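Asks: Supplied in structure tokens, the structure appears directly below.
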Amino acid sequence: MSARTTSGDPWFCVNCANEYAPADDPPAECLICTDEREFVPPGGQQWARPAELDERTIDCSEVEPDLLAITLDPQVGIGQRTFLIRTPAGNLLWEPPGYIDESLVRLIRSHGGISAIASSHPHLVGASVSLSHEFDSVPVYFNQADATSLTRSDDVIRFWTQRQPVFGGIELVQCGGHFPGSSVLLWPDGGNGSGAIFVGDTLMVGADRRSVSFMRSYPNLIPLPPRLVRKIEATVMALPFDRIYGGFDGQVIESNGPAIVQFSADRYVGWVTDELRDRSE
């Protein structure tokens with residue numbers, strides 16, 4: 001990759017850090033930020049090419065065997081935590097950052113490269129297409145239900161729906177809710193062999209790390225109806241897992257994941273239907 005900006009470089013939305021196709025001029029608006037689930041900052045829409053983004057410090061740490069977490073300092077866009085899952089059949093990059101430079105590509109190569117890229121929903125797609133091109137155009141999995149929110153079309157995009165086996169036992173599972181195509185990733189070998197799911201914010205891991213929650217919009221505080229919460233719950237509860245990895249740094253529920261999902265769904269539905277009330281009322 002060149003450090004010089006050219007018209008062949010993609011555009012990045014500075015606010016959400018999703019990439020758009022190369023063009024002489026940036027898009028008129030960002031599909032992500034103008035949707036009710038996100039927002040345009042008070043200063044207005046801003047765009048940048050990769051070489052115009054401020055340099056980041058890239059940290060990579062082993063979370064458990066064959067699972068690496070990649071974070072950027074300072075964060076880019078929404079600030080998702082990226083995971084590299086290694087299997088004998090290939091490596092998968094989950095929730096890529098909205099940032100790409102030579103040091104990030106070298107880091108991924110040093111851990112065996114990638115054979116596929118996927119995200120939980122359109123907010124956390126980041127630089128998926130650019131990263132795919134750096135690794136022999138590996139497939140980028142994107143749920144068909146959210147096709148109108150795809151910010152960069154490309155031949156590497158692989159649309160899928162419902163359930164999508166990838167490799168090494170990894171499977172993408174559509175849950176709906178936050179977006180119609182919002183998904184989780186099932187890694188049966190994760191959680192030190194007990195199974196793990198990677199949820200982005202299809203389910204948001206609580207700050208207490210003992211609960212999850214569900215929203216249409218987190219920044220704008222738009223809730224989901226019980227109907228969709230129960231759908232997410234039913235889909236997730238059918239999966240073999242114990243551990244839950246959330247979309248952001250520090251978000252992990254080490255064990256007892258199914259019971260926590262069930263408790264959290266019951267609590268959420270209880271509050272929004274007025275079946276639960278504070279003891280002081």
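Labels for the structure tokens follow display order: chains A, B, ..., residues from 1 in each chain, ligands from 1.
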Tell me, as a PyMOL selection string, which residues lie within 9 Å of range 196-212 of chain A, counting only C-alpha atoms; anything in the same chain fewer than 3 positions away does not count.

Replies: chain A and resi 80-81+94-95+119-121+124+175-179+182-193+215+218+232+236+239-248+250-254+257+260-261+263-265

Asks: Save out the residues we just selected, N, CA and C atoms, as a compact mmCIF listing (two decimals), in the first residue's frame.

Replies:
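Saved result, selection33.txt, follows:
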```
# COMPACT_ATOMS: atom_id res chain seq x y z
N GLN A 80 -14.83 -0.97 17.47
CA GLN A 80 -14.99 -2.39 17.74
C GLN A 80 -13.65 -3.09 17.98
N ARG A 81 -13.72 -4.19 18.73
CA ARG A 81 -12.57 -5.05 18.93
C ARG A 81 -12.58 -6.11 17.84
N TRP A 94 -12.86 -11.35 12.35
CA TRP A 94 -14.21 -10.96 12.76
C TRP A 94 -14.23 -9.50 13.19
N GLU A 95 -15.16 -8.73 12.67
CA GLU A 95 -15.33 -7.31 12.97
C GLU A 95 -14.05 -6.50 12.69
N SER A 119 -18.62 -10.00 9.80
CA SER A 119 -19.01 -9.04 10.83
C SER A 119 -20.42 -9.37 11.30
N SER A 120 -20.76 -8.87 12.48
CA SER A 120 -22.08 -9.14 13.04
C SER A 120 -23.17 -8.34 12.36
N HIS A 121 -22.84 -7.14 11.83
CA HIS A 121 -23.86 -6.29 11.22
C HIS A 121 -23.16 -5.12 10.53
N LEU A 124 -20.17 -2.64 11.86
CA LEU A 124 -18.83 -3.10 12.22
C LEU A 124 -18.10 -3.76 11.06
N CYS A 175 -29.59 -13.68 13.71
CA CYS A 175 -30.50 -13.53 14.85
C CYS A 175 -31.53 -12.43 14.66
N GLY A 176 -31.21 -11.42 13.83
CA GLY A 176 -32.10 -10.26 13.69
C GLY A 176 -32.00 -9.35 14.89
N GLY A 177 -32.92 -8.38 14.96
CA GLY A 177 -32.96 -7.46 16.09
C GLY A 177 -32.38 -6.11 15.75
N HIS A 178 -31.12 -5.88 16.13
CA HIS A 178 -30.45 -4.61 15.90
C HIS A 178 -30.52 -4.23 14.42
N PHE A 179 -30.24 -5.15 13.54
CA PHE A 179 -30.51 -5.11 12.10
C PHE A 179 -31.24 -6.40 11.76
N SER A 182 -28.61 -8.98 11.69
CA SER A 182 -27.66 -9.05 12.80
C SER A 182 -27.41 -10.50 13.19
N SER A 183 -26.15 -10.82 13.43
CA SER A 183 -25.73 -12.20 13.55
C SER A 183 -24.77 -12.40 14.71
N VAL A 184 -24.55 -13.65 15.03
CA VAL A 184 -23.47 -14.03 15.92
C VAL A 184 -22.60 -15.04 15.20
N LEU A 185 -21.37 -15.18 15.68
CA LEU A 185 -20.47 -16.19 15.15
C LEU A 185 -20.30 -17.28 16.19
N LEU A 186 -20.51 -18.51 15.79
CA LEU A 186 -20.33 -19.66 16.68
C LEU A 186 -18.97 -20.29 16.41
N TRP A 187 -18.17 -20.42 17.47
CA TRP A 187 -16.87 -21.11 17.40
C TRP A 187 -16.93 -22.26 18.40
N PRO A 188 -17.26 -23.46 17.96
CA PRO A 188 -17.44 -24.57 18.90
C PRO A 188 -16.19 -24.90 19.71
N ASP A 189 -15.01 -24.64 19.17
CA ASP A 189 -13.77 -24.93 19.89
C ASP A 189 -13.38 -23.83 20.86
N GLY A 190 -14.09 -22.71 20.84
CA GLY A 190 -13.77 -21.59 21.73
C GLY A 190 -14.20 -21.86 23.16
N GLY A 191 -13.94 -20.90 24.02
CA GLY A 191 -14.26 -21.08 25.43
C GLY A 191 -13.50 -22.25 26.01
N ASN A 192 -12.25 -22.43 25.52
CA ASN A 192 -11.42 -23.56 25.95
C ASN A 192 -12.14 -24.89 25.76
N GLY A 193 -12.84 -25.00 24.63
CA GLY A 193 -13.49 -26.25 24.27
C GLY A 193 -14.95 -26.34 24.64
N MET A 215 -30.91 -3.77 21.70
CA MET A 215 -31.41 -2.45 21.29
C MET A 215 -31.45 -2.36 19.77
N TYR A 218 -28.22 1.79 19.98
CA TYR A 218 -27.57 2.04 21.27
C TYR A 218 -27.31 3.52 21.49
N ILE A 232 -34.11 -13.45 19.15
CA ILE A 232 -32.66 -13.53 19.39
C ILE A 232 -32.37 -14.60 20.44
N VAL A 236 -30.09 -18.00 19.80
CA VAL A 236 -28.83 -18.18 20.52
C VAL A 236 -28.90 -19.40 21.44
N LEU A 239 -27.71 -22.84 20.31
CA LEU A 239 -26.31 -23.03 19.94
C LEU A 239 -25.52 -23.64 21.10
N PRO A 240 -24.47 -24.42 20.79
CA PRO A 240 -23.64 -25.02 21.83
C PRO A 240 -22.51 -24.07 22.24
N PHE A 241 -22.70 -23.31 23.32
CA PHE A 241 -21.69 -22.36 23.75
C PHE A 241 -21.74 -22.17 25.26
N ASP A 242 -20.67 -21.66 25.79
CA ASP A 242 -20.60 -21.31 27.21
C ASP A 242 -20.11 -19.87 27.40
N ARG A 243 -19.19 -19.43 26.54
CA ARG A 243 -18.56 -18.11 26.66
C ARG A 243 -19.16 -17.15 25.64
N ILE A 244 -19.20 -15.86 26.00
CA ILE A 244 -19.72 -14.81 25.11
C ILE A 244 -18.66 -13.72 24.98
N TYR A 245 -18.26 -13.43 23.74
CA TYR A 245 -17.35 -12.32 23.46
C TYR A 245 -18.16 -11.18 22.83
N GLY A 246 -18.16 -10.03 23.50
CA GLY A 246 -18.83 -8.86 22.98
C GLY A 246 -17.99 -8.12 21.96
N GLY A 247 -18.55 -7.05 21.44
CA GLY A 247 -17.92 -6.34 20.34
C GLY A 247 -16.86 -5.33 20.72
N PHE A 248 -16.68 -5.09 22.03
CA PHE A 248 -15.79 -4.00 22.43
C PHE A 248 -14.87 -4.46 23.56
N GLY A 250 -12.90 -5.50 26.66
CA GLY A 250 -13.31 -5.84 28.00
C GLY A 250 -14.63 -6.57 28.09
N GLN A 251 -15.35 -6.70 26.98
CA GLN A 251 -16.66 -7.35 27.01
C GLN A 251 -16.51 -8.85 26.80
N VAL A 252 -16.50 -9.58 27.89
CA VAL A 252 -16.48 -11.04 27.82
C VAL A 252 -17.22 -11.60 29.01
N ILE A 253 -18.09 -12.56 28.75
CA ILE A 253 -18.73 -13.35 29.79
C ILE A 253 -18.07 -14.71 29.74
N GLU A 254 -17.28 -15.02 30.74
CA GLU A 254 -16.40 -16.18 30.69
C GLU A 254 -17.15 -17.50 30.64
N GLY A 257 -22.97 -18.76 29.73
CA GLY A 257 -23.60 -17.89 28.76
C GLY A 257 -25.07 -18.14 28.51
N ILE A 260 -27.27 -16.79 31.26
CA ILE A 260 -27.23 -15.33 31.30
C ILE A 260 -28.09 -14.74 30.19
N VAL A 261 -28.06 -15.32 28.99
CA VAL A 261 -28.91 -14.85 27.90
C VAL A 261 -30.38 -15.00 28.28
N PHE A 263 -31.80 -15.26 31.33
CA PHE A 263 -32.14 -14.32 32.39
C PHE A 263 -32.28 -12.90 31.85
N SER A 264 -31.35 -12.50 31.00
CA SER A 264 -31.34 -11.13 30.48
C SER A 264 -32.55 -10.86 29.59
N ALA A 265 -32.93 -11.84 28.76
CA ALA A 265 -34.11 -11.68 27.91
C ALA A 265 -35.37 -11.57 28.76
```

Asks: Please provide as a ChimeraX atom specification all residues within 10 Å of Cys16 in chain A, with the sequence filter that same-chain residues fewer than 5 positions apart are discarded (counting only C-alpha atoms).

Replies: /A:30,32-33,38-40,76-79,98,123-126

Asks: What's the 10 Å shell around Glu36 in chain A, counting only C-alpha atoms, without same-chain residues fewer than 5 positions away, as a ChimeraX atom specification?

Replies: /A:216-217,219-220,222

Asks: Got time to write the residues from that selection, N, CA, C and O atoms, as a PDB file, in the first residue's frame?

Replies:
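Okay, this is what ended up in result-v1.pdb:
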```pdb
ATOM      1  N   ARG A 216     -32.394  -1.577  19.275  1.00  0.00           N
ATOM      2  CA  ARG A 216     -32.349  -1.200  17.854  1.00  0.00           C
ATOM      3  C   ARG A 216     -31.233  -0.181  17.651  1.00  0.00           C
ATOM      4  O   ARG A 216     -30.446  -0.277  16.715  1.00  0.00           O
ATOM      5  N   SER A 217     -31.175   0.818  18.514  1.00  0.00           N
ATOM      6  CA  SER A 217     -30.094   1.799  18.463  1.00  0.00           C
ATOM      7  C   SER A 217     -29.527   1.974  19.857  1.00  0.00           C
ATOM      8  O   SER A 217     -30.269   2.295  20.789  1.00  0.00           O
ATOM      9  N   PRO A 219     -26.710   4.257  20.529  1.00  0.00           N
ATOM     10  CA  PRO A 219     -26.470   5.677  20.800  1.00  0.00           C
ATOM     11  C   PRO A 219     -27.743   6.502  20.916  1.00  0.00           C
ATOM     12  O   PRO A 219     -27.787   7.486  21.667  1.00  0.00           O
ATOM     13  N   ASN A 220     -28.794   6.133  20.176  1.00  0.00           N
ATOM     14  CA  ASN A 220     -30.045   6.903  20.205  1.00  0.00           C
ATOM     15  C   ASN A 220     -31.112   6.286  21.103  1.00  0.00           C
ATOM     16  O   ASN A 220     -32.244   6.769  21.140  1.00  0.00           O
ATOM     17  N   ILE A 222     -32.998   3.495  21.191  1.00  0.00           N
ATOM     18  CA  ILE A 222     -34.247   2.963  20.646  1.00  0.00           C
ATOM     19  C   ILE A 222     -34.321   1.484  21.012  1.00  0.00           C
ATOM     20  O   ILE A 222     -33.470   0.696  20.590  1.00  0.00           O
TER      21      ILE A 222
END
```

Asks: How many Å separate CA of Arg230 in chain A from CA of Gln262 in chain A?

Replies: 9.3 Å

Asks: Using the chain letters and numbers from this document, which residues of range 94-202 of chain A does DSSP assign to strand (DSSP E or B), as an MDAnalysis selection string?

Replies: chainID A and resid 94 116:118 140:143 157:160 163:165 171:174 183:187 196:200

Asks: Could you turn the residues from that selection into a file that holds N, CA, C and O atoms, as an mmCIF file, in the first residue's frame?

Replies:
```cif
data_model
loop_
_atom_site.group_PDB
_atom_site.id
_atom_site.type_symbol
_atom_site.label_atom_id
_atom_site.label_comp_id
_atom_site.auth_asym_id
_atom_site.auth_seq_id
_atom_site.Cartn_x
_atom_site.Cartn_y
_atom_site.Cartn_z
ATOM 1 N N TRP A 94 -12.861 -11.347 12.346
ATOM 2 C CA TRP A 94 -14.213 -10.965 12.763
ATOM 3 C C TRP A 94 -14.234 -9.505 13.191
ATOM 4 O O TRP A 94 -13.411 -9.090 13.980
ATOM 5 N N ALA A 116 -11.019 -15.723 5.461
ATOM 6 C CA ALA A 116 -12.370 -15.159 5.336
ATOM 7 C C ALA A 116 -12.509 -14.004 6.319
ATOM 8 O O ALA A 116 -11.758 -13.907 7.301
ATOM 9 N N ILE A 117 -13.483 -13.138 6.036
ATOM 10 C CA ILE A 117 -13.786 -11.980 6.883
ATOM 11 C C ILE A 117 -15.292 -11.946 7.094
ATOM 12 O O ILE A 117 -16.071 -12.238 6.172
ATOM 13 N N ALA A 118 -15.716 -11.601 8.306
ATOM 14 C CA ALA A 118 -17.153 -11.499 8.586
ATOM 15 C C ALA A 118 -17.385 -10.494 9.702
ATOM 16 O O ALA A 118 -16.465 -10.180 10.475
ATOM 17 N N VAL A 140 -15.724 -12.024 1.867
ATOM 18 C CA VAL A 140 -16.253 -11.185 2.946
ATOM 19 C C VAL A 140 -17.731 -11.535 3.073
ATOM 20 O O VAL A 140 -18.525 -11.255 2.164
ATOM 21 N N TYR A 141 -18.118 -12.146 4.174
ATOM 22 C CA TYR A 141 -19.500 -12.579 4.370
ATOM 23 C C TYR A 141 -20.351 -11.421 4.884
ATOM 24 O O TYR A 141 -20.002 -10.755 5.846
ATOM 25 N N PHE A 142 -21.495 -11.218 4.221
ATOM 26 C CA PHE A 142 -22.392 -10.106 4.544
ATOM 27 C C PHE A 142 -23.819 -10.615 4.423
ATOM 28 O O PHE A 142 -24.194 -11.204 3.410
ATOM 29 N N ASN A 143 -24.643 -10.378 5.450
ATOM 30 C CA ASN A 143 -25.983 -10.941 5.441
ATOM 31 C C ASN A 143 -26.883 -10.259 4.408
ATOM 32 O O ASN A 143 -26.949 -9.030 4.340
ATOM 33 N N ILE A 157 -17.632 -9.838 -1.876
ATOM 34 C CA ILE A 157 -18.777 -9.964 -0.973
ATOM 35 C C ILE A 157 -19.506 -11.282 -1.254
ATOM 36 O O ILE A 157 -19.812 -11.613 -2.399
ATOM 37 N N ARG A 158 -19.775 -12.026 -0.180
ATOM 38 C CA ARG A 158 -20.553 -13.262 -0.262
ATOM 39 C C ARG A 158 -21.807 -13.093 0.602
ATOM 40 O O ARG A 158 -21.725 -13.068 1.821
ATOM 41 N N PHE A 159 -22.933 -12.928 -0.059
ATOM 42 C CA PHE A 159 -24.186 -12.782 0.685
ATOM 43 C C PHE A 159 -24.624 -14.137 1.230
ATOM 44 O O PHE A 159 -24.440 -15.174 0.592
ATOM 45 N N TRP A 160 -25.201 -14.106 2.425
ATOM 46 C CA TRP A 160 -25.673 -15.333 3.055
ATOM 47 C C TRP A 160 -26.936 -15.013 3.849
ATOM 48 O O TRP A 160 -27.269 -13.854 4.067
ATOM 49 N N ARG A 163 -28.118 -19.399 8.235
ATOM 50 C CA ARG A 163 -26.908 -19.994 8.821
ATOM 51 C C ARG A 163 -25.894 -20.219 7.711
ATOM 52 O O ARG A 163 -26.244 -20.674 6.622
ATOM 53 N N GLN A 164 -24.637 -19.894 8.008
ATOM 54 C CA GLN A 164 -23.589 -19.996 7.003
ATOM 55 C C GLN A 164 -22.358 -20.668 7.609
ATOM 56 O O GLN A 164 -21.593 -20.035 8.337
ATOM 57 N N PRO A 165 -22.137 -21.979 7.338
ATOM 58 C CA PRO A 165 -20.870 -22.594 7.751
ATOM 59 C C PRO A 165 -19.712 -21.926 7.014
ATOM 60 O O PRO A 165 -19.819 -21.587 5.828
ATOM 61 N N GLU A 171 -19.403 -21.031 12.315
ATOM 62 C CA GLU A 171 -20.665 -20.821 11.615
ATOM 63 C C GLU A 171 -21.221 -19.444 11.945
ATOM 64 O O GLU A 171 -21.142 -18.995 13.093
ATOM 65 N N LEU A 172 -21.761 -18.773 10.942
ATOM 66 C CA LEU A 172 -22.458 -17.507 11.130
ATOM 67 C C LEU A 172 -23.947 -17.802 11.293
ATOM 68 O O LEU A 172 -24.514 -18.583 10.523
ATOM 69 N N VAL A 173 -24.575 -17.159 12.290
ATOM 70 C CA VAL A 173 -25.969 -17.458 12.611
ATOM 71 C C VAL A 173 -26.753 -16.152 12.690
ATOM 72 O O VAL A 173 -26.450 -15.277 13.503
ATOM 73 N N GLN A 174 -27.768 -16.003 11.841
ATOM 74 C CA GLN A 174 -28.587 -14.795 11.794
ATOM 75 C C GLN A 174 -29.573 -14.787 12.951
ATOM 76 O O GLN A 174 -30.310 -15.752 13.169
ATOM 77 N N SER A 183 -26.148 -10.816 13.433
ATOM 78 C CA SER A 183 -25.731 -12.202 13.551
ATOM 79 C C SER A 183 -24.770 -12.401 14.708
ATOM 80 O O SER A 183 -24.243 -11.439 15.274
ATOM 81 N N VAL A 184 -24.551 -13.647 15.029
ATOM 82 C CA VAL A 184 -23.471 -14.033 15.924
ATOM 83 C C VAL A 184 -22.602 -15.043 15.195
ATOM 84 O O VAL A 184 -23.024 -15.665 14.216
ATOM 85 N N LEU A 185 -21.373 -15.181 15.676
ATOM 86 C CA LEU A 185 -20.467 -16.190 15.149
ATOM 87 C C LEU A 185 -20.301 -17.280 16.192
ATOM 88 O O LEU A 185 -19.995 -16.989 17.361
ATOM 89 N N LEU A 186 -20.510 -18.512 15.794
ATOM 90 C CA LEU A 186 -20.327 -19.657 16.679
ATOM 91 C C LEU A 186 -18.972 -20.291 16.405
ATOM 92 O O LEU A 186 -18.655 -20.660 15.263
ATOM 93 N N TRP A 187 -18.166 -20.416 17.469
ATOM 94 C CA TRP A 187 -16.872 -21.107 17.404
ATOM 95 C C TRP A 187 -16.930 -22.256 18.403
ATOM 96 O O TRP A 187 -16.695 -22.051 19.597
ATOM 97 N N ALA A 196 -17.951 -20.942 22.143
ATOM 98 C CA ALA A 196 -18.037 -19.494 22.339
ATOM 99 C C ALA A 196 -18.832 -18.882 21.205
ATOM 100 O O ALA A 196 -18.807 -19.373 20.073
ATOM 101 N N ILE A 197 -19.556 -17.805 21.527
ATOM 102 C CA ILE A 197 -20.200 -17.004 20.497
ATOM 103 C C ILE A 197 -19.632 -15.590 20.548
ATOM 104 O O ILE A 197 -19.303 -15.078 21.614
ATOM 105 N N PHE A 198 -19.528 -14.993 19.378
ATOM 106 C CA PHE A 198 -19.059 -13.610 19.219
ATOM 107 C C PHE A 198 -20.277 -12.822 18.750
ATOM 108 O O PHE A 198 -20.851 -13.114 17.706
ATOM 109 N N VAL A 199 -20.670 -11.816 19.530
ATOM 110 C CA VAL A 199 -22.004 -11.248 19.351
ATOM 111 C C VAL A 199 -22.027 -9.817 18.824
ATOM 112 O O VAL A 199 -23.108 -9.299 18.548
ATOM 113 N N GLY A 200 -20.861 -9.148 18.675
ATOM 114 C CA GLY A 200 -20.906 -7.742 18.281
ATOM 115 C C GLY A 200 -21.788 -6.986 19.245
ATOM 116 O O GLY A 200 -21.582 -7.024 20.458
#
```

Asks: Give me, as a PDB file with N, CA and C atoms, in the first residue's frame, all polymer residues having an atom no more than 8 Å from Phe167 in chain A, counting only C-alpha atoms and skipping those fewer than 3 positions away in the same chain.

Replies:
```pdb
ATOM      1  N   THR A  87      -7.930 -21.626  12.852  1.00  0.00           N
ATOM      2  CA  THR A  87      -8.321 -23.035  12.797  1.00  0.00           C
ATOM      3  C   THR A  87      -7.398 -23.740  11.806  1.00  0.00           C
ATOM      4  N   ALA A  89      -8.228 -25.241   9.287  1.00  0.00           N
ATOM      5  CA  ALA A  89      -8.780 -25.049   7.944  1.00  0.00           C
ATOM      6  C   ALA A  89      -8.623 -23.625   7.432  1.00  0.00           C
ATOM      7  N   GLY A  90      -8.167 -22.704   8.279  1.00  0.00           N
ATOM      8  CA  GLY A  90      -8.011 -21.313   7.879  1.00  0.00           C
ATOM      9  C   GLY A  90      -8.291 -20.379   9.040  1.00  0.00           C
ATOM     10  N   ILE A 170     -16.594 -23.178  12.397  1.00  0.00           N
ATOM     11  CA  ILE A 170     -17.143 -21.831  12.576  1.00  0.00           C
ATOM     12  C   ILE A 170     -18.409 -21.678  11.732  1.00  0.00           C
ATOM     13  N   GLU A 171     -19.403 -21.031  12.315  1.00  0.00           N
ATOM     14  CA  GLU A 171     -20.665 -20.821  11.615  1.00  0.00           C
ATOM     15  C   GLU A 171     -21.221 -19.444  11.945  1.00  0.00           C
TER      16      GLU A 171
END
```

Asks: Which value, in Å to one decimal, gives the distance between CA of Thr151 in chain A and CA of Asn15 in chain A?

Replies: 13.8 Å

Asks: For each of A:Ala48, A:Val63, A:Leu31, A:Leu93, take the minimum atom-to-atom distance to Val14 in chain A, counting only C-alpha atoms, then give the residue where this is smallest.

Replies: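 Result for the nearest residue to Val14 in chain A: A:Ala48.
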
Asks: Can you tell me, as a list of chain:residue names, what residues are no more than 12 Å from Asp136 in chain A when counting only C-alpha atoms, ignoring any on the same chain fewer than 6 positions away?

Replies: A:Arg109, A:Gly113, A:Ile114, A:Ser115, A:Ala116, A:Val129, A:Ser130, A:Val156

Asks: Keeping only C-alpha atoms, take the residues you just selected and write them out as a compact mmCIF listing (two decimals), in the first residue's frame.

Replies:
```
# COMPACT_ATOMS: atom_id res chain seq x y z
CA ARG A 109 0.31 -12.05 8.03
CA GLY A 113 -3.09 -14.45 7.35
CA ILE A 114 -6.83 -14.80 6.82
CA SER A 115 -9.08 -17.02 4.72
CA ALA A 116 -12.37 -15.16 5.34
CA VAL A 129 -13.02 -5.10 1.33
CA SER A 130 -9.60 -3.42 1.48
CA VAL A 156 -15.39 -10.41 -2.69
```

Asks: I'd like to know which of A:Ser110, A:Thr71, A:Ser255, A:Thr273 is closest to Asp59 in chain A, using only C-alpha atoms.

Replies: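 The answer is A:Thr71, which sits nearest to Asp59 in chain A.
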